[in-house]
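Structure first, then comments.
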Amino acid sequence: MTGGQKPSAWLIDNADLLPTRDGLALDVACGRGRHALWLARAGFRVLALDRDAGALEVVRTAAARLGLAIECEAIDLETDPLPDLGAVRYDAIVVFNYLHRPLMPVLLRALAVEGRLFYETFTIEQAARGRPSNPHFLLRPGELRSLVAPLHVLRYREGDVDGRCVASVVAERRA
């Protein structure tokens with residue numbers, strides 16, 4: 001993986017819930033691409049989004065070196081109006097350590113029928129431990145469940161996980 005970082009344990013531990021491995025995946029706020037690279041290795045064609053062009057260059061370089069199908073797009077996901085992800089529907093969408101509440105409806109619309117959303121980010125309890133501490137980027141108790149509605153929640157957890165206060169969900173768009 002890039003920068004020595006492994007994919008999130010939440011993604012790996014729930015890999016049995018990934019839909020068809022030859023589908024389309026979207027990695028939102030991908031950073032240096034640890035999840036995009038992992039998904040591409042699993043057979044997905046991946047679109048990796050981030051506003052940091054330098055981080056995306058790391059992803060492109062790693063994908064080219066490994067012969068992986070990853071497209072990268074530099075995009076500010078927090079614009080007003082919100083970005084349009086187009087008509088493409090994704091079989092898997094992954095979001096880790098990122099929260100911009102207004103973007104959630106855009107992501108839910110981008111999910112294909114029977115597609116799965118893998119989402120994990122920090123809760124408000126994390127602020128007592130240091131970073132992040134801005135409440136705009138921290139989930140309130142139970143908030144992640146309401147943000148992914150009307151998706152069907154397949155797995156959920158919230159609390160202290162490996163010394164971090166997080167909420168995590170795998171949710172599916174049903175027909």
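By convention in this document, the chains of the structure tokens carry letters A, B, ... by their order, each chain's residues are numbered from 1, and ligands are numbered from 1 in the order they are shown.
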(message) Can you tell me which residues surround range 150-162 of chain A at a distance of at most 7 Å, considering only C-alpha atoms, apart from same-chain residues fewer than 2 positions away, and format the answer as number ranges by chain?
(response) A: 148, 164-174
Keeping only N, CA and C atoms, write the selected residues as a compact mmCIF listing (two decimals), in the first residue's frame.
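As written to disk, part10.txt reads:
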```txt
# COMPACT_ATOMS: atom_id res chain seq x y z
N VAL A 148 -27.28 7.60 6.42
CA VAL A 148 -27.32 6.63 5.33
C VAL A 148 -28.74 6.19 4.98
N ARG A 164 -9.66 4.73 18.83
CA ARG A 164 -10.30 5.83 18.10
C ARG A 164 -11.80 5.74 18.31
N CYS A 165 -12.45 6.87 18.44
CA CYS A 165 -13.91 6.90 18.58
C CYS A 165 -14.51 7.08 17.19
N VAL A 166 -15.16 6.02 16.69
CA VAL A 166 -15.66 6.03 15.32
C VAL A 166 -17.07 5.43 15.26
N ALA A 167 -17.71 5.74 14.15
CA ALA A 167 -18.94 5.05 13.76
C ALA A 167 -18.66 4.46 12.38
N SER A 168 -19.14 3.24 12.15
CA SER A 168 -18.86 2.52 10.91
C SER A 168 -20.14 1.84 10.44
N VAL A 169 -20.32 1.82 9.12
CA VAL A 169 -21.52 1.19 8.57
C VAL A 169 -21.19 0.54 7.23
N VAL A 170 -21.87 -0.56 6.94
CA VAL A 170 -21.99 -1.09 5.60
C VAL A 170 -23.49 -1.10 5.34
N ALA A 171 -23.89 -0.40 4.27
CA ALA A 171 -25.31 -0.27 3.96
C ALA A 171 -25.53 -0.52 2.48
N GLU A 172 -26.71 -1.04 2.14
CA GLU A 172 -27.02 -1.44 0.78
C GLU A 172 -28.24 -0.71 0.26
N ARG A 173 -28.17 -0.33 -1.03
CA ARG A 173 -29.35 0.22 -1.71
C ARG A 173 -30.16 -0.97 -2.20
N ARG A 174 -31.40 -1.02 -1.74
CA ARG A 174 -32.30 -2.09 -2.16
C ARG A 174 -33.17 -1.59 -3.31
```
(request) Select from range 19-147 of chain A everything DSSP, run on the backbone, classes as helix (DSSP H, G or I), then give the selection as a PyMOL selection string. (result) chain A and resi 34-41+53-66+101-110+124-129+135-137+143-147
(message) Set the distance at 12 Å and use only C-alpha atoms: which residues neighbour His136 in chain A once local chain neighbours fewer than 6 positions away are removed? I'd like the list as a ChimeraX atom specification.
(response) /A:98-102,122-124,127
(message) Using Å and a single decimal, report how far CA of Asp16 in chain A sits from CA of Ala62 in chain A.
(response) 25.2 Å
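Closest approach to Leu11 in chain A among A:Ala112, A:Gly142, A:Tyr119, A:Arg131: A:Tyr119, based on only C-alpha atoms.
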